Amino acid sequence: MAGGGATPGEQRPGELRVVGTSVAREIDLVLDRVAQSVGKRAPRVLQVGSRTLVADRNVRNWRKLVATRFGPKARFVGLDLVEGANVDCVADICSDRRTLKGKLGEEPFDLAICCHVLEHTRHPARAARNIEQALRPGGFAFVAAAWSQAFQATPDDYWRFSVRGLMLLFGRLEVASSFYSGGDVGLDVAYRIERDGRPELDPRAGAVEQGLFQLVLDHEDNRAVLARQATERLPVSRTYLPSLFVNLIGRRVSR
């Protein structure tokens with residue numbers, strides 16, 4: 001897909017493009033970046049919010065993905081607030097840096113994964129800073145957070161983020177890529193917005209995003225949608241957004 005009236009296959013310089021992809025493909029690209037960064041050295045990987053829950057039907061097994069890609073020498077640390085499956089270290093990512101270092105050790109990480117966690121933290125800016133500081137220079141972070149999603153009180157639900165919001169939180173990271181993804185089980189769809197092959201991060205790109213992801217119904221269609229629901233829904237708006245997540249891949253720079 002491309003904007004600006006381009007014919008299929010044609011790409012003009014400076015053209016804003018919407019590129020269809022998938023989360024699985026984007027994860028492969030992240031792991032490619034990490035592999036190129038570490039060379040023959042085994043990477044050290046941190047997953048924030050790693051505990052496996054019965055309700056998590058659409059959550060990827062990062063430990064398995066890392067082991068498959070890098071072999072048994074890869075060092076994986078699963079961090080969570082409470083003990084459970086896939087948890088190696090019990091701690092709050094919002095803790096002070098000294099406490100986290102005591103739990104995680106002094107050695108920095110080559111990749112930090114923080115997917116669907118920030119919206120549940122009390123102090124997302126503190127969490128972002130701790131993730132940045134946990135990375136070695138040149139290390140990568142993969143952050144996914146809700147932009148539009150129903151309330152999820154596990155353990156609680158505080159925030160929603162835009163790509164620009166994540167950029168503010170993770171100011172020490174150089175943006176390598178960003179994309180939008182859906183939330184339906186079994187439907188792996190994602191979209192990157194690019195200009196000249198690079199992520200388009202200008203806030204004016206929001207006009208494109210609004211046109212792509214927002215649905216406005218007329219009054220009759222709105223009533224019909226509400227009437228078909230299994231349980232009562234109150235008519236507060238005719239504008240709807242799907243479950244949508246923003247994803248940011250950043251690289252820690254030496255500053």
# chains A, B, ... in the order shown; residues from 1 in each chain; ligands from 1

call {"tool": "closest_atom_pairs", "arguments": {"of": "segment 10-117 of chain A", "to": "segment 195-219 of chain A", "cutoff": "10 Å", "atoms": "only C-alpha atoms", "output": "CSV"}}
result
residue,atom,partner,partner_atom,distance
A:Gln11,CA,A:Asp196,CA,8.5
A:Arg12,CA,A:Asp196,CA,8.3
A:Pro13,CA,A:Asp196,CA,6.2
A:Gly14,CA,A:Asp196,CA,5.8
A:Glu15,CA,A:Arg195,CA,5.7
A:Leu16,CA,A:Arg195,CA,4.8
A:Arg17,CA,A:Arg195,CA,6.2
A:Val18,CA,A:Val208,CA,8.9
A:Val19,CA,A:Gly197,CA,10.0

call {"tool": "write_last_selection", "arguments": {"atoms": "all heavy atoms", "output": "PDB file, in the first residue's frame"}}
result
ATOM      1  N   GLN A  11       7.624   3.699  -6.467  1.00  0.00           N
ATOM      2  CA  GLN A  11       7.902   4.431  -5.243  1.00  0.00           C
ATOM      3  C   GLN A  11       8.668   5.686  -5.586  1.00  0.00           C
ATOM      4  O   GLN A  11       9.790   5.637  -6.076  1.00  0.00           O
ATOM      5  CB  GLN A  11       8.704   3.579  -4.254  1.00  0.00           C
ATOM      6  CG  GLN A  11       8.956   4.300  -2.931  1.00  0.00           C
ATOM      7  CD  GLN A  11       9.640   3.414  -1.908  1.00  0.00           C
ATOM      8  OE1 GLN A  11       9.938   2.267  -2.191  1.00  0.00           O
ATOM      9  NE2 GLN A  11       9.883   3.960  -0.724  1.00  0.00           N
ATOM     10  N   ARG A  12       8.032   6.833  -5.335  1.00  0.00           N
ATOM     11  CA  ARG A  12       8.677   8.100  -5.626  1.00  0.00           C
ATOM     12  C   ARG A  12       9.436   8.592  -4.395  1.00  0.00           C
ATOM     13  O   ARG A  12       9.001   8.367  -3.260  1.00  0.00           O
ATOM     14  CB  ARG A  12       7.630   9.124  -6.057  1.00  0.00           C
ATOM     15  CG  ARG A  12       6.984   8.803  -7.401  1.00  0.00           C
ATOM     16  CD  ARG A  12       6.209  10.011  -7.909  1.00  0.00           C
ATOM     17  NE  ARG A  12       4.982  10.202  -7.144  1.00  0.00           N
ATOM     18  CZ  ARG A  12       3.802   9.698  -7.514  1.00  0.00           C
ATOM     19  NH1 ARG A  12       3.724   8.951  -8.605  1.00  0.00           N
ATOM     20  NH2 ARG A  12       2.722   9.922  -6.798  1.00  0.00           N
ATOM     21  N   PRO A  13      10.568   9.290  -4.583  1.00  0.00           N
ATOM     22  CA  PRO A  13      11.316   9.824  -3.445  1.00  0.00           C
ATOM     23  C   PRO A  13      10.428  10.727  -2.590  1.00  0.00           C
ATOM     24  O   PRO A  13       9.676  11.550  -3.099  1.00  0.00           O
ATOM     25  CB  PRO A  13      12.453  10.610  -4.115  1.00  0.00           C
ATOM     26  CG  PRO A  13      12.609   9.969  -5.455  1.00  0.00           C
ATOM     27  CD  PRO A  13      11.229   9.555  -5.875  1.00  0.00           C
ATOM     28  N   GLY A  14      10.540  10.570  -1.274  1.00  0.00           N
ATOM     29  CA  GLY A  14       9.761  11.388  -0.363  1.00  0.00           C
ATOM     30  C   GLY A  14       8.336  10.940  -0.171  1.00  0.00           C
ATOM     31  O   GLY A  14       7.583  11.581   0.569  1.00  0.00           O
ATOM     32  N   GLU A  15       7.939   9.858  -0.787  1.00  0.00           N
ATOM     33  CA  GLU A  15       6.558   9.382  -0.698  1.00  0.00           C
ATOM     34  C   GLU A  15       6.312   8.673   0.637  1.00  0.00           C
ATOM     35  O   GLU A  15       7.138   7.892   1.107  1.00  0.00           O
ATOM     36  CB  GLU A  15       6.280   8.405  -1.842  1.00  0.00           C
ATOM     37  CG  GLU A  15       4.872   7.841  -1.840  1.00  0.00           C
ATOM     38  CD  GLU A  15       4.681   6.838  -2.971  1.00  0.00           C
ATOM     39  OE1 GLU A  15       5.332   5.779  -2.942  1.00  0.00           O
ATOM     40  OE2 GLU A  15       3.910   7.142  -3.886  1.00  0.00           O
ATOM     41  N   LEU A  16       5.176   8.960   1.236  1.00  0.00           N
ATOM     42  CA  LEU A  16       4.762   8.274   2.459  1.00  0.00           C
ATOM     43  C   LEU A  16       4.115   6.952   2.081  1.00  0.00           C
ATOM     44  O   LEU A  16       3.200   6.921   1.251  1.00  0.00           O
ATOM     45  CB  LEU A  16       3.761   9.145   3.228  1.00  0.00           C
ATOM     46  CG  LEU A  16       3.448   8.733   4.669  1.00  0.00           C
ATOM     47  CD1 LEU A  16       4.668   8.937   5.555  1.00  0.00           C
ATOM     48  CD2 LEU A  16       2.284   9.547   5.202  1.00  0.00           C
ATOM     49  N   ARG A  17       4.599   5.875   2.667  1.00  0.00           N
ATOM     50  CA  ARG A  17       4.114   4.547   2.300  1.00  0.00           C
ATOM     51  C   ARG A  17       3.630   3.800   3.536  1.00  0.00           C
ATOM     52  O   ARG A  17       4.218   3.914   4.612  1.00  0.00           O
ATOM     53  CB  ARG A  17       5.221   3.723   1.626  1.00  0.00           C
ATOM     54  CG  ARG A  17       5.644   4.257   0.279  1.00  0.00           C
ATOM     55  CD  ARG A  17       6.796   3.457  -0.300  1.00  0.00           C
ATOM     56  NE  ARG A  17       6.447   2.074  -0.552  1.00  0.00           N
ATOM     57  CZ  ARG A  17       5.863   1.633  -1.666  1.00  0.00           C
ATOM     58  NH1 ARG A  17       5.558   2.476  -2.623  1.00  0.00           N
ATOM     59  NH2 ARG A  17       5.605   0.362  -1.818  1.00  0.00           N
ATOM     60  N   VAL A  18       2.560   3.041   3.366  1.00  0.00           N
ATOM     61  CA  VAL A  18       2.063   2.137   4.397  1.00  0.00           C
ATOM     62  C   VAL A  18       2.396   0.721   3.929  1.00  0.00           C
ATOM     63  O   VAL A  18       1.895   0.262   2.904  1.00  0.00           O
ATOM     64  CB  VAL A  18       0.551   2.295   4.615  1.00  0.00           C
ATOM     65  CG1 VAL A  18       0.082   1.342   5.706  1.00  0.00           C
ATOM     66  CG2 VAL A  18       0.213   3.730   4.977  1.00  0.00           C
ATOM     67  N   VAL A  19       3.258   0.049   4.666  1.00  0.00           N
ATOM     68  CA  VAL A  19       3.787  -1.254   4.251  1.00  0.00           C
ATOM     69  C   VAL A  19       3.188  -2.343   5.130  1.00  0.00           C
ATOM     70  O   VAL A  19       3.337  -2.320   6.360  1.00  0.00           O
ATOM     71  CB  VAL A  19       5.332  -1.273   4.366  1.00  0.00           C
ATOM     72  CG1 VAL A  19       5.878  -2.629   3.929  1.00  0.00           C
ATOM     73  CG2 VAL A  19       5.933  -0.140   3.559  1.00  0.00           C
TER      74      VAL A  19
END

call {"tool": "atom_distance", "arguments": {"atom1": "atom CA of Arg129 of chain A", "atom2": "atom CA of Asp188 of chain A"}}
result
29.7 Å

call {"tool": "closest_atom_pairs", "arguments": {"of": "segment 125-170 of chain A", "to": "segment 240-248 of chain A", "cutoff": "9 Å", "atoms": "only C-alpha atoms", "output": "CSV"}}
result
residue,atom,partner,partner_atom,distance
A:Ala141,CA,A:Leu248,CA,7.9
A:Phe142,CA,A:Leu248,CA,5.9
A:Val143,CA,A:Leu248,CA,5.2
A:Ala144,CA,A:Asn247,CA,4.3
A:Ala145,CA,A:Phe245,CA,5.5
A:Ala146,CA,A:Phe245,CA,4.5
A:Trp147,CA,A:Phe245,CA,5.2
A:Ser148,CA,A:Leu244,CA,5.0
A:Gln149,CA,A:Ser243,CA,4.7
A:Ala150,CA,A:Ser243,CA,7.5
A:Phe161,CA,A:Val246,CA,7.4
A:Ser162,CA,A:Val246,CA,6.5
A:Val163,CA,A:Val246,CA,6.0
A:Leu166,CA,A:Leu248,CA,7.3
A:Met167,CA,A:Leu248,CA,8.1

call {"tool": "closest_residue", "arguments": {"among": "A:Val48, A:Val23, A:Ala227, A:Leu65", "to": "Cys114 of chain A", "atoms": "only C-alpha atoms"}}
result
A:Val48

call {"tool": "closest_residue", "arguments": {"among": "A:Val189, A:Leu53, A:Val175, A:Ala127", "to": "Ser95 of chain A", "atoms": "only C-alpha atoms"}}
result
A:Ala127

call {"tool": "residues_around", "arguments": {"residues": "Pro137 of chain A", "least_positions_apart": "2", "cutoff": "7 Å", "atoms": "only C-alpha atoms", "output": "ChimeraX atom specification"}}
result
/A:135,139,252-254

call {"tool": "write_last_selection", "arguments": {"atoms": "C-alpha atoms", "output": "PDB file, in the first residue's frame"}}
result
ATOM      1  CA  LEU A 135      21.098  -2.237  27.754  1.00  0.00           C
ATOM      2  CA  GLY A 139      21.798  -2.995  22.514  1.00  0.00           C
ATOM      3  CA  ARG A 252      20.813   2.440  22.732  1.00  0.00           C
ATOM      4  CA  VAL A 253      23.275   5.049  21.608  1.00  0.00           C
ATOM      5  CA  SER A 254      26.367   6.059  23.550  1.00  0.00           C
TER       6      SER A 254
END

call {"tool": "residues_around", "arguments": {"residues": "Val38 of chain A", "least_positions_apart": "5", "cutoff": "9 Å", "atoms": "only C-alpha atoms", "output": "short mmCIF file (atom, residue, chain, number, x, y, z; two decimals) with all heavy atoms, in the first residue's frame"}}
result
data_model
loop_
_atom_site.label_atom_id
_atom_site.label_comp_id
_atom_site.auth_asym_id
_atom_site.auth_seq_id
_atom_site.Cartn_x
_atom_site.Cartn_y
_atom_site.Cartn_z
N ARG A 33 18.85 -7.98 13.80
CA ARG A 33 19.65 -6.85 14.26
C ARG A 33 20.53 -7.24 15.44
O ARG A 33 21.69 -6.86 15.53
CB ARG A 33 18.74 -5.68 14.65
CG ARG A 33 17.96 -5.05 13.50
CD ARG A 33 17.03 -3.95 14.03
NE ARG A 33 16.16 -3.41 13.01
CZ ARG A 33 16.45 -2.40 12.20
NH1 ARG A 33 17.64 -1.82 12.32
NH2 ARG A 33 15.60 -1.96 11.31
N PRO A 43 24.12 -13.74 23.07
CA PRO A 43 23.46 -12.55 23.60
C PRO A 43 22.86 -12.78 24.99
O PRO A 43 22.54 -13.90 25.37
CB PRO A 43 22.36 -12.29 22.58
CG PRO A 43 22.02 -13.64 22.05
CD PRO A 43 23.33 -14.40 22.02
N ASP A 110 21.79 -7.37 25.68
CA ASP A 110 21.84 -7.06 24.24
C ASP A 110 20.45 -6.80 23.68
O ASP A 110 20.31 -6.14 22.64
CB ASP A 110 22.48 -8.23 23.48
CG ASP A 110 23.90 -8.49 23.94
OD1 ASP A 110 24.78 -7.67 23.62
OD2 ASP A 110 24.12 -9.50 24.65
N GLY A 139 22.85 -2.02 22.25
CA GLY A 139 21.80 -3.00 22.51
C GLY A 139 20.43 -2.50 22.06
O GLY A 139 20.21 -1.29 21.89
#

call {"tool": "closest_residue", "arguments": {"among": "A:Arg192, A:Arg228, A:His120, A:Arg63", "to": "Thr21 of chain A", "atoms": "only C-alpha atoms"}}
result
A:Arg192

call {"tool": "select_by_dssp", "arguments": {"residues": "segment 63-191 of chain A", "states": "strand (DSSP E)", "output": "ChimeraX atom specification"}}
result
/A:75-80,89-90,109-115,135-148,173-182,190-191

call {"tool": "closest_residue", "arguments": {"among": "A:Gly171, A:Gly49, A:Pro108, A:Arg60", "to": "Ala24 of chain A", "atoms": "only C-alpha atoms"}}
result
A:Arg60

call {"tool": "closest_residue", "arguments": {"among": "A:Ser177, A:Gln152, A:Ser37, A:Ser22", "to": "His116 of chain A", "atoms": "only C-alpha atoms"}}
result
A:Gln152

call {"tool": "select_by_dssp", "arguments": {"residues": "segment 48-133 of chain A", "states": "helix (DSSP H, G or I)", "output": "PyMOL selection string"}}
result
chain A and resi 62-70+97-104+118-120+124-133
